[in-house]
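One structure is given below, encoded as structure tokens.
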2 protein chains.
Amino acid sequence: MADVDRSQHEVKKSDQAIESRRNDHEHSVHLDLTSLEVHRGKHQGDKYVRVIRSGALRRVAPGVLRASELVSRPHGKIGHLYTRFKQVLVGKPLPTEAEKVERLNKIRALAVFSSDAISSSAYATEEILIVMVAAGAVGLAYSIPLALAIALLLAIVSFSYRQTVHAYPSGGGSYTVSRENLGTQAGLIAAAALLIDYVLTVAVSISAGTAAITSALPEFYDYRVEISVAFIAIITLINLRGIRESGTIFALPTYLFIVSLAGVIALGLVRLWLGDISPASTPHFESNEFEPVTLFLILHAFAAGSVAMSGTEAIANGVPSFKPPEAKNAATTLTWMAVILGVFFVGVTFLAHQFGIVPHETETVISQLGRRVLGTNVLYGIFQAATMLILVLAANTSFSGFPRLAYVMARDGFMPHQLTFRGDRLAFTNGVVMLGIVAAALVVAFGGSTHALIPLYAVGVFLSFTLSQAGMVRHWWKTRESGWQRSMVINGTGAILTAIILAVVWTVKFQLGAWIVFVMIPVLVFVFNGVHRHYRHVAEQLNLTPAEDRAAAPPRQIVIVPIGDLNKASLRALNFARSITPTPVAVRLFYESYEVEEFRKEWAQWGTNTALVFLESPYRSFHEPLLAYIEALHRQDPAACVTVVLPEFIPAHWWEHFLHNQTAFRLKTALLFRKNTVVIDVPYHLEK
Amino acid sequence: MADVDRSQHEVKKSDQAIESRRNDHEHSVHLDLTSLEVHRGKHQGDKYVRVIRSGALRRVAPGVLRASELVSRPHGKIGHLYTRFKQVLVGKPLPTEAEKVERLNKIRALAVFSSDAISSSAYATEEILIVMVAAGAVGLAYSIPLALAIALLLAIVSFSYRQTVHAYPSGGGSYTVSRENLGTQAGLIAAAALLIDYVLTVAVSISAGTAAITSALPEFYDYRVEISVAFIAIITLINLRGIRESGTIFALPTYLFIVSLAGVIALGLVRLWLGDISPASTPHFESNEFEPVTLFLILHAFAAGSVAMSGTEAIANGVPSFKPPEAKNAATTLTWMAVILGVFFVGVTFLAHQFGIVPHETETVISQLGRRVLGTNVLYGIFQAATMLILVLAANTSFSGFPRLAYVMARDGFMPHQLTFRGDRLAFTNGVVMLGIVAAALVVAFGGSTHALIPLYAVGVFLSFTLSQAGMVRHWWKTRESGWQRSMVINGTGAILTAIILAVVWTVKFQLGAWIVFVMIPVLVFVFNGVHRHYRHVAEQLNLTPAEDRAAAPPRQIVIVPIGDLNKASLRALNFARSITPTPVAVRLFYESYEVEEFRKEWAQWGTNTALVFLESPYRSFHEPLLAYIEALHRQDPAACVTVVLPEFIPAHWWEHFLHNQTAFRLKTALLFRKNTVVIDVPYHLEK
């Protein structure tokens, strides 16, 4: 509603501005193409005044016009319907200057950027326990130090990213940091890894959220792919509506989860301290044969638990979305996120161990914990619902991160320029839609199975962490800012740790599917380089060179007018050609020889002495003989520009196009690839 | 092979002609756009001579050039592959002047146009027996007089069409005859009925032919739809190769069937006369309760047997396909066809009755007859194969008739003009392809079931017979040629008879599916009228009117050049604009205000003093503000032509198009519908 009011207000304001300007110039007689000033000249009448009054164009400075929202008013019924439909879906268009208003405050930013990271506390503990349970109770005892170690790693990585946020306030994800400090290819590798992980975050989170629903309501199990795709479609739409609104929508479930999990942990600690719940004497194990606790087992559990760290990148990449001061707000939000995630992760792990909870096939660890602390009641139901919601909505983090990274890369020329385009609501439309489509395709391809997707997940993230932090090490080494040694140690530790985890994750997950990611990354890097090479070539070829281009003069033109029947449309084309050059040549194609004399007679009457060539097409093709003729003209005079003036009549209704040969269109397509050839379409609009 | 030789010969001949002409003009220095005469001017060098020597264009008279087959030589690898593939499928292109050679002699014409009619002798008797068997042996006895009555009707209808052939030598099907004598709407109704029946002939014949295969080889039963569609595709291709070749291909099975069925009938009569085979004492009936022989039962049987008459129209419609003298040859062929069909139909019915053959669920009447006369041996196998082949190939009749009728209607403006187009091989490509697609869709929709399609079939044909013969009655009444009374009686009898049969067929088949045809006919007539109205409107609006158009002068132009970045492409567009008018206006769109001053500086350097307008687009759309600007220009000067010169650069590889906004294309599309607006694309071709 606020938007509607604002734009109406704007229209009114601009109307007033025009009105006053109109009065100023009421007696002006100056008619100027560049100013489009308002005149009350007699022959233009009221019509012209109406355009300006309607506010479609407004003169803001000499030679500078401004288009208002009204230029996009739809034409015709279908146009109206389409615009209406689009506005219901994504809302009314916003002007570029509205951008600042669309920034996120910290409360909203935490919801938008952290749901991915924080939601991982719902499963990270379980991932550790699943590995360590192989070593029985002895193994499970390792879960607490492992959780603390991961929390420490999280603190180090977050600390590193805090510094990145300050060093790169315009959005410094791994791509930017790696590229600036380790070189372009390192940056592209980091970007490829991140883009893949963004897509996987959507696919995994949505699949897991859907699995939560279908576990509770098994009758929907057969529709899990459809439900996941519907979720992705809804999130895509929400993101197309623009970032502020999505912040509002996403705040509720995120904070519901934070409050309810915080409550569960606090209550659990209290009840544990009161001795209200006694720890399970012995956890129940499926088997009595246990593996020894090896270094590999511990590393494996560490790597499995590190899945919690996916999503840490999001805030650093999204700095420009924050309200100013962007860097400071982003750094604070990052700290909040790390603290919340760390507390949740360690808390859940500690309580799970105290209560002797082990992974179970049909019930998650966090659900077991909730049931033990809260009992099976309404509160437990709310807790589960919040868990489910945040899992589904975690996907939204990627919908902030992916389009923004794609935008940065497109701006740098490594991805198609179209990804820099901002839609009606200032969202990066193409990036949002691309992510939605690829993620939905992945969900469909993997049959909506979280289990099948998990091995691909969080592989890329550690690659980008490693590159980013190694980049930061280089950064400190170069800049030598105050305290650079300390920062370098922190980042160095982070880089080494994440590199080790990367190696472990790769080793563990490679055969399970991670190899796909390791194939995709070089492929993407290859594509990025190809795109960049293309844009560079284009720029090189188009760049103006003073010596050569300063001398460029209007080209010598040979103007030809292909004519079929002599009618108003072809006569208009002929007249147009004569307005370009006094000596156009009409070209008449014919299929049967009797046509020649007939046409010559008509031409004597209507051709206004224009030169006429007959071109016989014995094989009944239209554009091939014409192309041969143009080729011959070019061979006669290679420097000249052959301009083809095409009569084309436009039917009054779209379906009537099917009743005409699309010769003009086909000829245009064929001529598009000829050098030094220009096609001019002279349309003749039919009224009925 | 003959074609290849001929065209190579032609090329050689034209090369010689050019060579001699080149020698004639060797010393000419005249450079003329309209003659494109051959010169050995120094600066054109060998390149230009090569074009002419290659024979792409040839000067056949002053101001008249002729394109050779070589203008369609393909460019690039894909072009080569496509051309190669197309030539393998449909053969080398034929020039229009080759048309006469492609006419059919009587032997071939009989095969092409009669397979539909003659093949009906394979099932027409059975259709009568299926109805009359309800009245037992008493009913079956009526089959012979009924067959004779239908043969008489066939004779009358054929006789009527013989006269039509002479009265309308340029192709006089029911459409032409009805339209000329009963009015346009009657003609359109006849045409709609015929077109529907052509499609049904293909669907029914192909389904029946496939059913013959799948009955013999039940393992293919599940693939009957695929087999039918494949048959239709093959027949479509054969017809795209051109009519003479299809005549050759279709002659063999048609004559095989004629010879083998004639043999069966002759041998049957001989063995009957010799007493070699005794008639079955009593036919075997499924039930012993018989209906009485009512008038309705007889009419029903008559109508069912009249299915034999579908296809009679084909020859009358296809007169121009015959070798000259067309009318005489067509009339003779029509007589042959009627005699063969009549003899076959009466012969089969007589023998079936003599041998006491009754319809059987798993074996056709004609198969039972063949087995009785020939025994179950190789001869019987050939006979069955020929029956199957002619059933499948009967569809070809429609592939001659449908495109030709569509051509005639398109020429008259009732169907899209594209249907008059002749392909490389002079076939009516679009009509052939349209028939193939619709028939295949019908086969798929009806699951390849002949039984489901039959009720729709032969309903349209009697409507067109009735209209055609009523039209002929009117014709005799108007012309009063010698013997008009006799002809009028014959046509009148035919008209009344076919009208009665139409009523009976409608009554019997309406609920079984014939209603579809009775819905489709008015729908098609509505569409025909709509198409015609459109073409009439177009002609009215485009026709030159001396008073108005003689005075037409070249329009006053306002030339604008939308420019993004200043580069070689936009500079070329600007130069082009300056070659049209000395005062073009460059329009620079911008999204952020800082762009204005930056661009002004660049413009001072490169803009060659061209006027410049800045147009701000706060909603980030490209073409909408530009459209509003053009609209404002038009309101200032409604009579002027606003010419938009668009810089467009063409990437070197097709996939690179995806890396660029298609702004030029989108703007062109949007401007296409504005009056008095012309778009000029000035392409800049990238090399790499």
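Going by the structure tokens order, chains are called A, B, ..., each with residues numbered from 1, while ligands are numbered from 1 in the order shown.
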Helix (DSSP H, G or I) residues, from DSSP on the backbone, in range 528-679 of chain B, as a PyMOL selection string: chain B and resi 528-542+546-549+568-580+594-606+623-636+654-659+663-671
Given the selection you just returned, output its residues as a file containing C-alpha atoms, formatted as a PDB file, in the first residue's frame.
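Produced file part19.pdb, reproduced below:
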ATOM      1  CA  PHE B 528     -12.861 -19.755 -44.909  1.00  0.00           C
ATOM      2  CA  ASN B 529     -15.090 -16.695 -44.877  1.00  0.00           C
ATOM      3  CA  GLY B 530     -12.947 -15.024 -42.241  1.00  0.00           C
ATOM      4  CA  VAL B 531      -9.795 -15.616 -44.265  1.00  0.00           C
ATOM      5  CA  HIS B 532     -11.483 -14.306 -47.382  1.00  0.00           C
ATOM      6  CA  ARG B 533     -12.747 -11.210 -45.582  1.00  0.00           C
ATOM      7  CA  HIS B 534      -9.210 -10.539 -44.365  1.00  0.00           C
ATOM      8  CA  TYR B 535      -7.669 -10.804 -47.823  1.00  0.00           C
ATOM      9  CA  ARG B 536     -10.429  -8.604 -49.223  1.00  0.00           C
ATOM     10  CA  HIS B 537      -9.785  -5.992 -46.551  1.00  0.00           C
ATOM     11  CA  VAL B 538      -6.074  -6.089 -47.253  1.00  0.00           C
ATOM     12  CA  ALA B 539      -6.627  -5.632 -50.957  1.00  0.00           C
ATOM     13  CA  GLU B 540      -9.065  -2.779 -50.384  1.00  0.00           C
ATOM     14  CA  GLN B 541      -6.659  -0.994 -48.109  1.00  0.00           C
ATOM     15  CA  LEU B 542      -3.600  -1.541 -50.293  1.00  0.00           C
ATOM     16  CA  PRO B 546      -4.739   7.498 -58.520  1.00  0.00           C
ATOM     17  CA  ALA B 547      -6.091  10.661 -56.907  1.00  0.00           C
ATOM     18  CA  GLU B 548      -4.485  10.012 -53.584  1.00  0.00           C
ATOM     19  CA  ASP B 549      -1.372   7.985 -54.318  1.00  0.00           C
ATOM     20  CA  LYS B 568      32.205   1.562 -33.462  1.00  0.00           C
ATOM     21  CA  ALA B 569      28.700   0.136 -33.767  1.00  0.00           C
ATOM     22  CA  SER B 570      26.925   3.258 -32.510  1.00  0.00           C
ATOM     23  CA  LEU B 571      29.193   5.512 -34.553  1.00  0.00           C
ATOM     24  CA  ARG B 572      28.343   3.528 -37.652  1.00  0.00           C
ATOM     25  CA  ALA B 573      24.637   3.928 -36.906  1.00  0.00           C
ATOM     26  CA  LEU B 574      25.143   7.647 -36.417  1.00  0.00           C
ATOM     27  CA  ASN B 575      26.976   7.919 -39.714  1.00  0.00           C
ATOM     28  CA  PHE B 576      24.234   5.990 -41.406  1.00  0.00           C
ATOM     29  CA  ALA B 577      21.662   8.375 -39.948  1.00  0.00           C
ATOM     30  CA  ARG B 578      23.677  11.298 -41.251  1.00  0.00           C
ATOM     31  CA  SER B 579      23.613   9.765 -44.723  1.00  0.00           C
ATOM     32  CA  ILE B 580      19.801   9.958 -44.564  1.00  0.00           C
ATOM     33  CA  TYR B 594      26.074  10.711 -13.092  1.00  0.00           C
ATOM     34  CA  GLU B 595      25.972   9.232 -16.592  1.00  0.00           C
ATOM     35  CA  VAL B 596      24.809  12.525 -18.122  1.00  0.00           C
ATOM     36  CA  GLU B 597      27.968  14.557 -17.695  1.00  0.00           C
ATOM     37  CA  GLU B 598      30.254  11.652 -18.503  1.00  0.00           C
ATOM     38  CA  PHE B 599      28.465  11.072 -21.770  1.00  0.00           C
ATOM     39  CA  ARG B 600      28.310  14.756 -22.673  1.00  0.00           C
ATOM     40  CA  LYS B 601      32.116  14.835 -22.575  1.00  0.00           C
ATOM     41  CA  GLU B 602      32.453  11.804 -24.813  1.00  0.00           C
ATOM     42  CA  TRP B 603      29.849  13.233 -27.153  1.00  0.00           C
ATOM     43  CA  ALA B 604      31.749  16.492 -27.537  1.00  0.00           C
ATOM     44  CA  GLN B 605      34.594  14.356 -28.856  1.00  0.00           C
ATOM     45  CA  TRP B 606      32.732  11.963 -31.106  1.00  0.00           C
ATOM     46  CA  HIS B 623      12.102   0.613 -24.846  1.00  0.00           C
ATOM     47  CA  GLU B 624       9.237   2.194 -22.908  1.00  0.00           C
ATOM     48  CA  PRO B 625      10.785   5.689 -22.458  1.00  0.00           C
ATOM     49  CA  LEU B 626      11.946   5.579 -26.057  1.00  0.00           C
ATOM     50  CA  LEU B 627       8.427   4.747 -27.205  1.00  0.00           C
ATOM     51  CA  ALA B 628       7.082   7.633 -25.133  1.00  0.00           C
ATOM     52  CA  TYR B 629       9.641   9.928 -26.768  1.00  0.00           C
ATOM     53  CA  ILE B 630       8.659   8.776 -30.240  1.00  0.00           C
ATOM     54  CA  GLU B 631       5.021   9.274 -29.320  1.00  0.00           C
ATOM     55  CA  ALA B 632       5.768  12.819 -28.233  1.00  0.00           C
ATOM     56  CA  LEU B 633       7.614  13.491 -31.500  1.00  0.00           C
ATOM     57  CA  HIS B 634       4.625  12.239 -33.422  1.00  0.00           C
ATOM     58  CA  ARG B 635       2.295  14.491 -31.482  1.00  0.00           C
ATOM     59  CA  GLN B 636       4.497  17.458 -32.348  1.00  0.00           C
ATOM     60  CA  TRP B 654      25.317 -17.919 -32.592  1.00  0.00           C
ATOM     61  CA  TRP B 655      25.659 -18.871 -28.917  1.00  0.00           C
ATOM     62  CA  GLU B 656      27.130 -15.482 -28.168  1.00  0.00           C
ATOM     63  CA  HIS B 657      23.691 -13.954 -28.742  1.00  0.00           C
ATOM     64  CA  PHE B 658      22.769 -15.273 -25.309  1.00  0.00           C
ATOM     65  CA  LEU B 659      25.404 -13.006 -23.802  1.00  0.00           C
ATOM     66  CA  THR B 663      17.308  -4.739 -26.841  1.00  0.00           C
ATOM     67  CA  ALA B 664      17.435  -4.060 -30.566  1.00  0.00           C
ATOM     68  CA  PHE B 665      15.171  -6.985 -31.277  1.00  0.00           C
ATOM     69  CA  ARG B 666      12.713  -6.052 -28.521  1.00  0.00           C
ATOM     70  CA  LEU B 667      12.593  -2.451 -29.619  1.00  0.00           C
ATOM     71  CA  LYS B 668      11.976  -3.477 -33.215  1.00  0.00           C
ATOM     72  CA  THR B 669       9.099  -5.697 -32.111  1.00  0.00           C
ATOM     73  CA  ALA B 670       7.570  -2.888 -30.068  1.00  0.00           C
ATOM     74  CA  LEU B 671       7.954  -0.346 -32.879  1.00  0.00           C
TER      75      LEU B 671
END
Near-Pro584 in chain A list (12 Å; only C-alpha atoms; drop same-chain fewer than 6 positions) as a PyMOL selection string: (chain A and resi 557-562+573-578+607-613+642-645) or (chain B and resi 33-34)
Selection near Ile265 in chain A, 8 Å with only C-alpha atoms, sequence-local residues under 2 positions removed, as a list in words: Leu261, Ala262, Gly263, Leu267, Gly268, Leu269, Phe344, Gly347, Val348 and Leu351 of chain A
Create the file for the chosen residues now, containing N, CA and C atoms and written as a PDB file, in the first residue's frame.
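Result file follows (part_4.pdb):
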ATOM      1  N   LEU A 261      14.275 -22.848  20.051  1.00  0.00           N
ATOM      2  CA  LEU A 261      15.444 -23.686  20.348  1.00  0.00           C
ATOM      3  C   LEU A 261      16.186 -23.148  21.579  1.00  0.00           C
ATOM      4  N   ALA A 262      16.269 -21.798  21.667  1.00  0.00           N
ATOM      5  CA  ALA A 262      16.888 -21.199  22.872  1.00  0.00           C
ATOM      6  C   ALA A 262      16.122 -21.654  24.105  1.00  0.00           C
ATOM      7  N   GLY A 263      14.798 -21.646  24.027  1.00  0.00           N
ATOM      8  CA  GLY A 263      13.969 -22.092  25.148  1.00  0.00           C
ATOM      9  C   GLY A 263      14.234 -23.537  25.504  1.00  0.00           C
ATOM     10  N   LEU A 267      15.704 -24.520  29.101  1.00  0.00           N
ATOM     11  CA  LEU A 267      14.880 -25.369  29.943  1.00  0.00           C
ATOM     12  C   LEU A 267      15.573 -26.694  30.225  1.00  0.00           C
ATOM     13  N   GLY A 268      16.252 -27.213  29.187  1.00  0.00           N
ATOM     14  CA  GLY A 268      16.987 -28.469  29.336  1.00  0.00           C
ATOM     15  C   GLY A 268      18.077 -28.340  30.387  1.00  0.00           C
ATOM     16  N   LEU A 269      18.824 -27.220  30.315  1.00  0.00           N
ATOM     17  CA  LEU A 269      19.907 -27.012  31.288  1.00  0.00           C
ATOM     18  C   LEU A 269      19.333 -26.892  32.698  1.00  0.00           C
ATOM     19  N   PHE A 344      23.788 -22.633  20.004  1.00  0.00           N
ATOM     20  CA  PHE A 344      22.824 -23.682  19.676  1.00  0.00           C
ATOM     21  C   PHE A 344      23.516 -25.016  19.453  1.00  0.00           C
ATOM     22  N   GLY A 347      25.171 -26.268  22.633  1.00  0.00           N
ATOM     23  CA  GLY A 347      24.113 -26.582  23.582  1.00  0.00           C
ATOM     24  C   GLY A 347      23.409 -27.875  23.234  1.00  0.00           C
ATOM     25  N   VAL A 348      23.030 -27.999  21.973  1.00  0.00           N
ATOM     26  CA  VAL A 348      22.318 -29.220  21.544  1.00  0.00           C
ATOM     27  C   VAL A 348      23.217 -30.430  21.734  1.00  0.00           C
ATOM     28  N   LEU A 351      23.571 -31.268  25.564  1.00  0.00           N
ATOM     29  CA  LEU A 351      22.361 -31.861  26.123  1.00  0.00           C
ATOM     30  C   LEU A 351      22.129 -33.259  25.554  1.00  0.00           C
TER      31      LEU A 351
END
One-decimal distance in Å that lies between CA of Phe673 in chain B and CA of Phe649 in chain A: 10.2 Å
Which of B:Val433, B:Asp276, B:Pro169, B:Ile150 sits closest to Leu374 in chain B [using only C-alpha atoms]: B:Asp276
